[in-house]
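So this block is protein_29.cif, mmCIF, C-alpha atoms:
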```cif
data_entry
loop_
_atom_site.label_atom_id
_atom_site.label_comp_id
_atom_site.auth_asym_id
_atom_site.auth_seq_id
_atom_site.Cartn_x
_atom_site.Cartn_y
_atom_site.Cartn_z
CA MET A 1175 -44.96 7.11 52.79
CA SER A 1176 -42.84 10.26 52.74
CA SER A 1177 -44.45 11.53 49.54
CA TYR A 1178 -47.60 12.67 51.41
CA ALA A 1179 -47.98 16.16 52.78
CA LYS A 1180 -47.46 16.37 56.54
CA PRO A 1181 -51.11 16.85 57.65
CA VAL A 1182 -52.12 13.79 55.60
CA GLU A 1183 -49.43 11.70 57.27
CA VAL A 1184 -50.43 12.92 60.72
CA LEU A 1185 -54.05 11.92 60.13
CA ILE A 1186 -53.11 8.52 58.68
CA ASP A 1187 -50.98 7.97 61.77
CA GLU A 1188 -53.81 8.95 64.16
CA LEU A 1189 -56.39 6.82 62.32
CA GLY A 1190 -53.98 3.86 62.40
CA ARG A 1191 -54.13 3.90 66.22
CA LEU A 1192 -57.84 3.03 66.19
CA PRO A 1193 -58.80 -0.60 66.78
CA GLY A 1194 -59.24 -2.60 63.57
CA ILE A 1195 -57.77 0.14 61.35
CA GLY A 1196 -54.57 -0.91 59.60
CA PRO A 1197 -52.27 1.41 57.61
CA LYS A 1198 -54.13 0.76 54.34
CA SER A 1199 -57.56 1.50 55.85
CA ALA A 1200 -56.17 4.60 57.55
CA GLN A 1201 -54.86 5.82 54.20
CA ARG A 1202 -58.18 5.07 52.51
CA ILE A 1203 -60.14 6.97 55.17
CA ALA A 1204 -57.74 9.94 55.10
CA PHE A 1205 -58.14 10.33 51.33
CA HIS A 1206 -61.87 9.89 51.67
CA LEU A 1207 -61.95 12.76 54.20
CA LEU A 1208 -59.88 14.86 51.81
CA LYS A 1209 -62.50 14.45 49.11
CA VAL A 1210 -65.71 14.97 51.13
CA ASP A 1211 -67.11 18.39 52.04
CA ARG A 1212 -65.70 20.41 54.89
CA ILE A 1213 -69.05 20.18 56.70
CA ASP A 1214 -68.78 16.37 56.87
CA THR A 1215 -65.27 16.36 58.36
CA ASP A 1216 -66.33 19.03 60.86
CA ARG A 1217 -69.27 16.86 61.93
CA LEU A 1218 -66.92 13.93 62.53
CA ALA A 1219 -64.35 16.02 64.43
CA ASN A 1220 -67.10 17.59 66.56
CA ALA A 1221 -68.62 14.20 67.33
CA ILE A 1222 -65.25 13.04 68.68
CA VAL A 1223 -64.82 16.16 70.83
CA ASP A 1224 -68.45 16.00 72.02
CA LEU A 1225 -68.01 12.41 73.09
CA LYS A 1226 -65.29 13.39 75.54
CA ASP A 1227 -67.07 16.60 76.59
CA LYS A 1228 -70.43 15.06 77.34
CA ILE A 1229 -69.89 11.41 78.12
CA SER A 1230 -68.18 9.78 81.03
CA PHE A 1231 -68.64 6.55 82.93
CA CYS A 1232 -71.43 5.96 85.45
CA GLU A 1233 -69.98 6.31 88.96
CA ARG A 1234 -71.80 3.19 90.09
CA CYS A 1235 -71.65 0.69 87.24
CA PHE A 1236 -69.19 2.19 84.68
CA ASN A 1237 -71.70 2.17 81.87
CA VAL A 1238 -71.35 5.20 79.56
CA SER A 1239 -73.43 8.07 80.84
CA GLU A 1240 -74.18 11.75 80.36
CA GLU A 1241 -74.91 12.08 84.12
CA ALA A 1242 -73.05 10.92 87.24
CA GLU A 1243 -75.32 7.86 87.27
CA CYS A 1244 -76.40 6.15 84.06
CA THR A 1245 -80.03 5.81 82.97
CA ILE A 1246 -80.17 2.18 84.08
CA CYS A 1247 -78.76 2.74 87.60
CA SER A 1248 -81.10 5.68 88.17
CA ASP A 1249 -84.18 3.83 86.88
CA PRO A 1250 -86.32 2.84 89.92
CA ARG A 1251 -88.03 0.08 87.90
CA ARG A 1252 -84.77 -1.89 87.60
CA ASP A 1253 -84.24 -4.65 90.18
CA PRO A 1254 -81.31 -3.50 92.38
CA HIS A 1255 -80.76 -7.04 93.76
CA ILE A 1256 -79.51 -8.67 90.55
CA LEU A 1257 -76.25 -7.57 88.97
CA CYS A 1258 -75.09 -8.48 85.50
CA VAL A 1259 -71.30 -8.23 85.12
CA VAL A 1260 -70.14 -7.42 81.57
CA GLU A 1261 -66.81 -6.56 79.98
CA GLU A 1262 -67.74 -3.43 78.07
CA PRO A 1263 -70.59 -0.90 77.91
CA LYS A 1264 -71.55 -2.18 74.47
CA ASP A 1265 -72.39 -5.57 76.01
CA ILE A 1266 -75.15 -3.86 77.99
CA SER A 1267 -76.81 -2.87 74.75
CA ALA A 1268 -76.67 -6.49 73.54
CA ILE A 1269 -78.29 -7.76 76.75
CA GLU A 1270 -80.90 -4.97 76.85
CA LYS A 1271 -82.03 -5.98 73.37
CA THR A 1272 -83.03 -9.45 74.62
CA GLY A 1273 -85.53 -7.88 77.06
CA SER A 1274 -84.72 -10.80 79.40
CA PHE A 1275 -82.93 -8.86 82.12
CA LYS A 1276 -84.43 -6.32 84.47
CA GLY A 1277 -81.61 -5.93 87.00
CA ARG A 1278 -78.62 -3.62 86.99
CA TYR A 1279 -75.17 -3.90 85.46
CA HIS A 1280 -71.53 -3.69 86.43
CA VAL A 1281 -69.08 -2.97 83.61
CA LEU A 1282 -65.52 -4.23 84.12
CA LEU A 1283 -64.13 -1.99 81.35
CA GLY A 1284 -61.90 -4.81 80.25
CA VAL A 1285 -61.05 -8.42 80.88
CA ILE A 1286 -58.18 -10.21 82.60
CA ASN A 1287 -55.56 -10.78 79.91
CA PRO A 1288 -52.07 -11.60 81.25
CA LEU A 1289 -50.60 -11.54 77.72
CA GLU A 1290 -51.51 -7.86 77.43
CA GLY A 1291 -50.56 -7.15 81.02
CA ILE A 1292 -54.13 -6.66 82.20
CA GLY A 1293 -54.64 -8.13 85.66
CA PRO A 1294 -57.63 -7.96 88.06
CA GLU A 1295 -56.47 -4.59 89.43
CA GLN A 1296 -56.59 -2.96 85.96
CA ILE A 1297 -60.32 -3.56 85.57
CA LYS A 1298 -63.30 -2.68 87.79
CA ILE A 1299 -63.24 -5.84 89.96
CA ARG A 1300 -62.47 -4.05 93.22
CA GLU A 1301 -65.42 -1.74 92.57
CA LEU A 1302 -67.61 -4.82 92.01
CA ALA A 1303 -66.56 -6.25 95.38
CA LEU A 1304 -67.36 -2.90 97.04
CA ARG A 1305 -70.81 -2.87 95.46
CA VAL A 1306 -71.60 -6.44 96.52
CA ALA A 1307 -70.44 -5.54 100.06
CA SER A 1308 -72.46 -2.34 100.31
CA GLU A 1309 -75.53 -2.82 98.11
CA ASP A 1310 -78.31 -5.33 98.77
CA ILE A 1311 -77.35 -7.75 96.01
CA THR A 1312 -78.61 -11.33 95.98
CA GLU A 1313 -77.39 -12.56 92.60
CA VAL A 1314 -74.47 -11.78 90.31
CA ILE A 1315 -74.67 -13.02 86.71
CA LEU A 1316 -71.24 -13.23 85.11
CA CYS A 1317 -71.80 -12.17 81.49
CA THR A 1318 -68.22 -11.94 80.27
CA ASN A 1319 -67.55 -13.27 76.78
CA PRO A 1320 -67.45 -17.07 76.31
CA ASN A 1321 -63.80 -17.01 75.24
CA MET A 1322 -60.60 -17.68 77.16
CA GLU A 1323 -60.19 -14.22 78.74
CA GLY A 1324 -63.88 -13.95 79.57
CA GLU A 1325 -63.95 -17.39 81.21
CA THR A 1326 -60.79 -16.62 83.18
CA THR A 1327 -62.26 -13.36 84.41
CA ALA A 1328 -65.60 -14.96 85.34
CA SER A 1329 -63.87 -17.76 87.19
CA PHE A 1330 -61.55 -15.32 89.00
CA ILE A 1331 -64.51 -13.20 90.13
CA ALA A 1332 -66.55 -16.25 91.20
CA THR A 1333 -63.79 -17.96 93.20
CA LYS A 1334 -61.61 -15.12 94.49
CA ILE A 1335 -64.02 -12.23 94.88
CA LEU A 1336 -67.61 -13.38 95.41
CA LYS A 1337 -67.06 -16.62 97.37
CA PRO A 1338 -67.10 -14.88 100.81
CA PHE A 1339 -70.49 -13.31 100.14
CA GLU A 1340 -73.71 -15.29 100.61
CA ILE A 1341 -75.07 -14.61 97.16
CA THR A 1342 -75.94 -16.63 94.10
CA VAL A 1343 -73.29 -16.41 91.40
CA THR A 1344 -74.31 -17.53 87.92
CA ARG A 1345 -72.73 -17.68 84.50
CA LEU A 1346 -74.40 -17.32 81.10
CA ALA A 1347 -75.58 -20.74 79.90
CA SER A 1348 -73.64 -22.43 77.16
CA GLY A 1349 -75.45 -22.25 73.91
CA LEU A 1350 -73.26 -19.37 72.96
CA PRO A 1351 -70.60 -20.77 70.65
CA VAL A 1352 -67.29 -21.13 72.53
CA GLY A 1353 -64.67 -18.79 71.17
CA GLY A 1354 -67.40 -16.39 70.11
CA ASP A 1355 -68.12 -12.84 71.11
CA LEU A 1356 -71.11 -11.63 73.12
CA GLU A 1357 -71.44 -8.61 70.90
CA TYR A 1358 -72.24 -10.71 67.83
CA ALA A 1359 -74.78 -13.08 69.41
CA ASP A 1360 -78.37 -12.84 68.16
CA GLU A 1361 -81.06 -11.79 70.66
CA LEU A 1362 -82.68 -15.23 70.84
CA THR A 1363 -79.47 -17.07 71.67
CA LEU A 1364 -78.42 -14.49 74.19
CA GLY A 1365 -81.92 -14.44 75.73
CA ARG A 1366 -81.94 -18.24 76.10
CA ALA A 1367 -78.47 -18.20 77.56
CA LEU A 1368 -79.66 -15.67 80.14
CA LYS A 1369 -82.72 -17.74 81.09
CA GLY A 1370 -80.65 -20.93 81.32
CA ARG A 1371 -77.95 -19.42 83.55
CA GLN A 1372 -76.50 -21.87 86.04
CA ALA A 1373 -74.83 -21.69 89.43
CA VAL A 1374 -71.03 -21.62 89.29
CA MET B 1402 -78.98 1.02 69.50
CA SER B 1403 -81.31 3.25 71.50
CA SER B 1404 -79.68 2.34 74.80
CA TYR B 1405 -76.60 4.50 74.11
CA ALA B 1406 -76.30 8.10 75.17
CA LYS B 1407 -76.85 10.57 72.33
CA PRO B 1408 -73.21 11.71 71.78
CA VAL B 1409 -72.13 8.06 71.51
CA GLU B 1410 -74.78 7.37 68.90
CA VAL B 1411 -73.86 10.49 66.94
CA LEU B 1412 -70.21 9.45 66.80
CA ILE B 1413 -71.07 5.84 65.82
CA ASP B 1414 -73.21 7.27 63.05
CA GLU B 1415 -70.43 9.57 61.79
CA LEU B 1416 -67.79 6.82 61.94
CA GLY B 1417 -70.13 4.51 60.05
CA ARG B 1418 -70.01 6.89 57.06
CA LEU B 1419 -66.28 6.27 56.56
CA PRO B 1420 -65.25 3.79 53.86
CA GLY B 1421 -64.76 0.25 55.15
CA ILE B 1422 -66.26 1.01 58.59
CA GLY B 1423 -69.44 -0.96 59.30
CA PRO B 1424 -71.77 -0.41 62.29
CA LYS B 1425 -69.86 -2.89 64.50
CA SER B 1426 -66.47 -1.33 63.76
CA ALA B 1427 -67.92 2.13 64.33
CA GLN B 1428 -69.22 1.01 67.73
CA ARG B 1429 -65.89 -0.54 68.61
CA ILE B 1430 -63.97 2.61 67.67
CA ALA B 1431 -66.43 4.85 69.57
CA PHE B 1432 -66.00 2.85 72.78
CA HIS B 1433 -62.26 2.80 72.26
CA LEU B 1434 -62.26 6.61 72.02
CA LEU B 1435 -64.34 6.76 75.18
CA LYS B 1436 -61.67 4.83 77.05
CA VAL B 1437 -58.52 6.57 75.82
CA ASP B 1438 -57.21 9.85 77.22
CA ARG B 1439 -58.69 13.16 76.21
CA ILE B 1440 -55.37 14.17 74.67
CA ASP B 1441 -55.56 11.28 72.19
CA THR B 1442 -59.06 12.09 71.00
CA ASP B 1443 -58.10 15.77 70.66
CA ARG B 1444 -55.12 14.79 68.52
CA LEU B 1445 -57.40 12.79 66.23
CA ALA B 1446 -60.04 15.55 65.99
CA ASN B 1447 -57.35 18.16 65.30
CA ALA B 1448 -55.75 15.99 62.62
CA ILE B 1449 -59.09 15.83 60.82
CA VAL B 1450 -59.60 19.61 61.04
CA ASP B 1451 -55.98 20.29 60.04
CA LEU B 1452 -56.35 18.11 56.97
CA LYS B 1453 -59.10 20.32 55.63
CA ASP B 1454 -57.41 23.55 56.78
CA LYS B 1455 -54.00 22.86 55.30
CA ILE B 1456 -54.44 20.43 52.43
CA SER B 1457 -56.07 20.89 49.09
CA PHE B 1458 -55.49 19.50 45.63
CA CYS B 1459 -52.66 20.63 43.36
CA GLU B 1460 -54.11 23.02 40.77
CA ARG B 1461 -52.16 21.31 38.02
CA CYS B 1462 -52.26 17.57 38.72
CA PHE B 1463 -54.80 17.14 41.59
CA ASN B 1464 -52.29 15.45 43.86
CA VAL B 1465 -52.75 16.42 47.52
CA SER B 1466 -50.77 19.52 48.33
CA GLU B 1467 -50.15 22.16 50.97
CA GLU B 1468 -49.40 24.74 48.23
CA ALA B 1469 -51.20 25.70 45.02
CA GLU B 1470 -48.82 23.36 43.17
CA CYS B 1471 -47.70 20.04 44.68
CA THR B 1472 -44.06 19.20 45.42
CA ILE B 1473 -43.80 17.01 42.31
CA CYS B 1474 -45.23 19.58 39.86
CA SER B 1475 -42.98 22.31 41.28
CA ASP B 1476 -39.84 20.12 41.25
CA PRO B 1477 -37.64 21.28 38.29
CA ARG B 1478 -35.86 17.90 38.23
CA ARG B 1479 -39.03 16.08 37.17
CA ASP B 1480 -39.46 15.48 33.42
CA PRO B 1481 -42.42 17.65 32.31
CA HIS B 1482 -42.83 15.72 29.04
CA ILE B 1483 -44.06 12.43 30.52
CA LEU B 1484 -47.36 12.24 32.35
CA CYS B 1485 -48.51 9.33 34.49
CA VAL B 1486 -52.32 9.22 34.87
CA VAL B 1487 -53.53 7.65 38.12
CA GLU B 1488 -56.91 7.26 39.84
CA GLU B 1489 -56.09 8.57 43.31
CA PRO B 1490 -53.32 10.55 45.05
CA LYS B 1491 -52.34 7.42 46.98
CA ASP B 1492 -51.40 5.73 43.69
CA ILE B 1493 -48.66 8.35 43.28
CA SER B 1494 -47.06 7.14 46.46
CA ALA B 1495 -47.08 3.54 45.16
CA ILE B 1496 -45.40 4.58 41.89
CA GLU B 1497 -42.91 6.88 43.62
CA LYS B 1498 -41.76 3.95 45.77
CA THR B 1499 -40.67 2.04 42.66
CA GLY B 1500 -38.18 4.82 41.82
CA SER B 1501 -38.83 4.01 38.15
CA PHE B 1502 -40.68 7.14 37.14
CA LYS B 1503 -39.26 10.65 36.89
CA GLY B 1504 -42.07 12.44 35.07
CA ARG B 1505 -45.14 14.19 36.42
CA TYR B 1506 -48.60 12.95 37.36
CA HIS B 1507 -52.23 13.61 36.63
CA VAL B 1508 -54.73 12.40 39.24
CA LEU B 1509 -58.25 11.66 37.97
CA LEU B 1510 -59.72 11.69 41.51
CA GLY B 1511 -61.89 8.74 40.59
CA VAL B 1512 -62.63 6.29 37.84
CA ILE B 1513 -65.44 5.89 35.32
CA ASN B 1514 -68.08 3.73 37.00
CA PRO B 1515 -71.53 3.87 35.36
CA LEU B 1516 -73.06 1.73 38.12
CA GLU B 1517 -72.24 4.44 40.65
CA GLY B 1518 -73.18 7.21 38.25
CA ILE B 1519 -69.61 8.37 37.70
CA GLY B 1520 -69.02 9.36 34.08
CA PRO B 1521 -66.03 11.03 32.38
CA GLU B 1522 -67.27 14.51 33.38
CA GLN B 1523 -67.22 13.64 37.10
CA ILE B 1524 -63.46 13.00 37.12
CA LYS B 1525 -60.50 15.10 35.98
CA ILE B 1526 -60.45 13.96 32.34
CA ARG B 1527 -61.25 17.37 30.85
CA GLU B 1528 -58.37 18.82 32.85
CA LEU B 1529 -56.10 16.10 31.46
CA ALA B 1530 -57.07 17.04 27.88
CA LEU B 1531 -56.35 20.71 28.67
CA ARG B 1532 -52.92 19.83 30.03
CA VAL B 1533 -52.02 17.71 27.00
CA ALA B 1534 -53.18 20.56 24.74
CA SER B 1535 -51.25 23.28 26.57
CA GLU B 1536 -48.17 21.61 28.08
CA ASP B 1537 -45.32 20.09 26.07
CA ILE B 1538 -46.21 16.45 26.73
CA THR B 1539 -44.85 13.62 24.58
CA GLU B 1540 -46.04 10.53 26.46
CA VAL B 1541 -49.01 9.67 28.67
CA ILE B 1542 -48.80 6.46 30.72
CA LEU B 1543 -52.25 5.27 31.77
CA CYS B 1544 -51.75 3.86 35.28
CA THR B 1545 -55.36 3.24 36.31
CA ASN B 1546 -56.01 -0.02 38.16
CA PRO B 1547 -56.08 -3.28 36.17
CA ASN B 1548 -59.76 -3.91 36.99
CA MET B 1549 -62.92 -3.31 34.99
CA GLU B 1550 -63.40 0.36 35.93
CA GLY B 1551 -59.70 1.14 35.52
CA GLU B 1552 -59.53 -0.54 32.10
CA THR B 1553 -62.69 1.24 30.95
CA THR B 1554 -61.28 4.59 32.04
CA ALA B 1555 -57.89 3.96 30.40
CA SER B 1556 -59.52 2.87 27.18
CA PHE B 1557 -61.88 5.89 27.20
CA ILE B 1558 -58.96 8.29 27.70
CA ALA B 1559 -56.84 6.59 25.03
CA THR B 1560 -59.51 6.45 22.34
CA LYS B 1561 -61.75 9.43 22.99
CA ILE B 1562 -59.42 11.99 24.53
CA LEU B 1563 -55.80 11.47 23.48
CA LYS B 1564 -56.29 10.14 19.93
CA PRO B 1565 -56.24 13.65 18.31
CA PHE B 1566 -52.90 14.50 19.92
CA GLU B 1567 -49.66 13.31 18.40
CA ILE B 1568 -48.28 11.72 21.54
CA THR B 1569 -47.38 8.23 22.74
CA VAL B 1570 -50.05 6.67 24.95
CA THR B 1571 -49.02 3.62 27.00
CA ARG B 1572 -50.63 1.37 29.58
CA LEU B 1573 -49.02 -0.42 32.53
CA ALA B 1574 -48.04 -3.97 31.54
CA SER B 1575 -50.26 -6.57 33.07
CA GLY B 1576 -49.01 -10.02 33.94
CA LEU B 1577 -47.94 -12.19 36.82
CA PRO B 1578 -46.95 -10.40 40.01
CA VAL B 1579 -43.27 -10.71 40.86
CA GLY B 1580 -42.84 -13.42 43.49
CA GLY B 1581 -46.22 -14.85 42.52
CA ASP B 1582 -47.10 -18.42 41.70
CA LEU B 1583 -48.33 -19.58 38.29
CA GLU B 1584 -50.63 -22.10 39.97
CA TYR B 1585 -52.57 -19.40 41.81
CA ALA B 1586 -52.84 -16.86 38.98
CA ASP B 1587 -56.33 -16.33 37.60
CA GLU B 1588 -56.97 -17.12 33.93
CA LEU B 1589 -57.27 -13.51 32.89
CA THR B 1590 -53.94 -12.50 34.41
CA LEU B 1591 -52.18 -15.56 33.02
CA GLY B 1592 -53.74 -14.90 29.60
CA ARG B 1593 -52.48 -11.33 29.67
CA ALA B 1594 -49.02 -12.46 30.79
CA LEU B 1595 -48.93 -14.83 27.81
CA LYS B 1596 -50.05 -12.19 25.34
CA GLY B 1597 -47.53 -9.72 26.69
CA ARG B 1598 -44.64 -12.19 26.64
CA GLN B 1599 -41.28 -10.70 25.85
CA ALA B 1600 -38.07 -11.99 24.32
CA VAL B 1601 -35.46 -12.96 26.89
#
```

Produce structure tokens that represent the structure in this file.
Amino acid sequence: MSSYAKPVEVLIDELGRLPGIGPKSAQRIAFHLLKVDRIDTDRLANAIVDLKDKISFCERCFNVSEEAECTICSDPRRDPHILCVVEEPKDISAIEKTGSFKGRYHVLLGVINPLEGIGPEQIKIRELALRVASEDITEVILCTNPNMEGETTASFIATKILKPFEITVTRLASGLPVGGDLEYADELTLGRALKGRQAV
Amino acid sequence: MSSYAKPVEVLIDELGRLPGIGPKSAQRIAFHLLKVDRIDTDRLANAIVDLKDKISFCERCFNVSEEAECTICSDPRRDPHILCVVEEPKDISAIEKTGSFKGRYHVLLGVINPLEGIGPEQIKIRELALRVASEDITEVILCTNPNMEGETTASFIATKILKPFEITVTRLASGLPVGGDLEYADELTLGRALKGRQAV
């Protein structure tokens, strides 16, 4: 790769760190950026900087937010007694689209994955326990992905964290294909899975 | 998508304009950038800005370059009489890796593709004709890709542009890839390999 000019190599290297971008894609994108107008690359660079300037995580639920509390947590019409636990902020968007859930969320910002060295203390499980202890919560729906890591995390939370509390703990109904990804489920399937949730 | 904060949506939109990045990948990358440290996102944004600040195209061959002329054009050890015509700057890197070529390059910055409205005047064909007319070139190797657009472009350059000049015009040999398997070769490739057979 040494035949590229330094700034090209630096960008290819940086792009290659992004999820799902291999060396060939990084190279393709870098040369694309070289060809497009300056105004387009500036828009992209600014969007990246803006993201970090303006967005952080909701102090309560760890959804992405422009304020200290996200729009869902600060919405008085949302039921504060039901909590939907998801892996990532993008899962909230998938569930919101179904229109089947009117409670609040708790984002774990990850999933238990021993192979990648991610244990319960690396994700927002402790914060979930604190919320269940301090807020008036009657039901927790575990909406982690229906794959191995998601199931492990849900089962860990149900048995090790929420057992002491007198609350209903539910899991998304099967109907989602096992080994699948919440993000890619269609609204109908996800909506049905929500309605058919069962006690763990 | 309306449940995301504005800066997140803007970035997803910008990322989605990059080649090979669909809406789902764009979303995944945006949330990844939200999670990583500020220093990492700044490095990426700076790399994009730096690319446009420091890199442009070589005035002679349209390779990427930090100077007016690229390192290959300004290298006195390169043979100025042989020109290798490629579609994109990244193709130069592929050919350089072979160590089999010691001449100079000419980058078309594209390929004739009528379906996308790209004709001969949209790519650097006129500049190639000017070089052949003014520089002391004895051979042009047409190294466009062995697909429909690449073949069309090579054939256009050979017949319409370089015919009047008294120079050798060659095309990359097509045939079976080294290490490949006869059984898995498509008919076209195998046909070409047969036609181009050489005495052992």

**Message:** Please identify all residues of chain A having at least one atom at most 8 Å from any atom of chain B, considering only C-alpha atoms, and return them as a PyMOL selection string.
**Reply:** chain A and resi 1175+1177-1179+1181-1182+1184-1185+1188-1189+1192-1194+1199+1201-1203+1205-1208+1212+1215-1226+1228-1230+1238-1240+1263-1264+1267+1270

**Asked** What's the 12 Å shell around Leu1516 in chain B, counting all atoms listed in the file, without same-chain residues fewer than 4 positions away, as a ChimeraX atom specification?
**Response** /B:1512,1520,1549-1550

**Prompt:** In Å, how much C-alpha RMSD is there between chain B and chain A after the fit, with all atoms paired in order?
**Reply:** 5.5 Å

**Request:** Kindly indicate which residue among A:Arg1234, A:Lys1369, A:Arg1345, A:Arg1252 lies nearest to His1280 in chain A, using only C-alpha atoms for the distances.
**Result:**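 Using only C-alpha atoms, the shortest distance to His1280 in chain A belongs to A:Arg1234.
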
**Request:** Check the smallest atom-to-atom distance from each of B:Arg1593, B:Thr1569, B:Val1486, B:Gly1580 to Leu1543 in chain B using all atoms listed in the file, then report the winner.
**Result:**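 Ranked by minimum distance to Leu1543 in chain B, first place goes to B:Val1486.
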
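Across the model, the gap from CA of Thr1272 in chain A to CA of Thr1363 in chain A is 8.9 Å.
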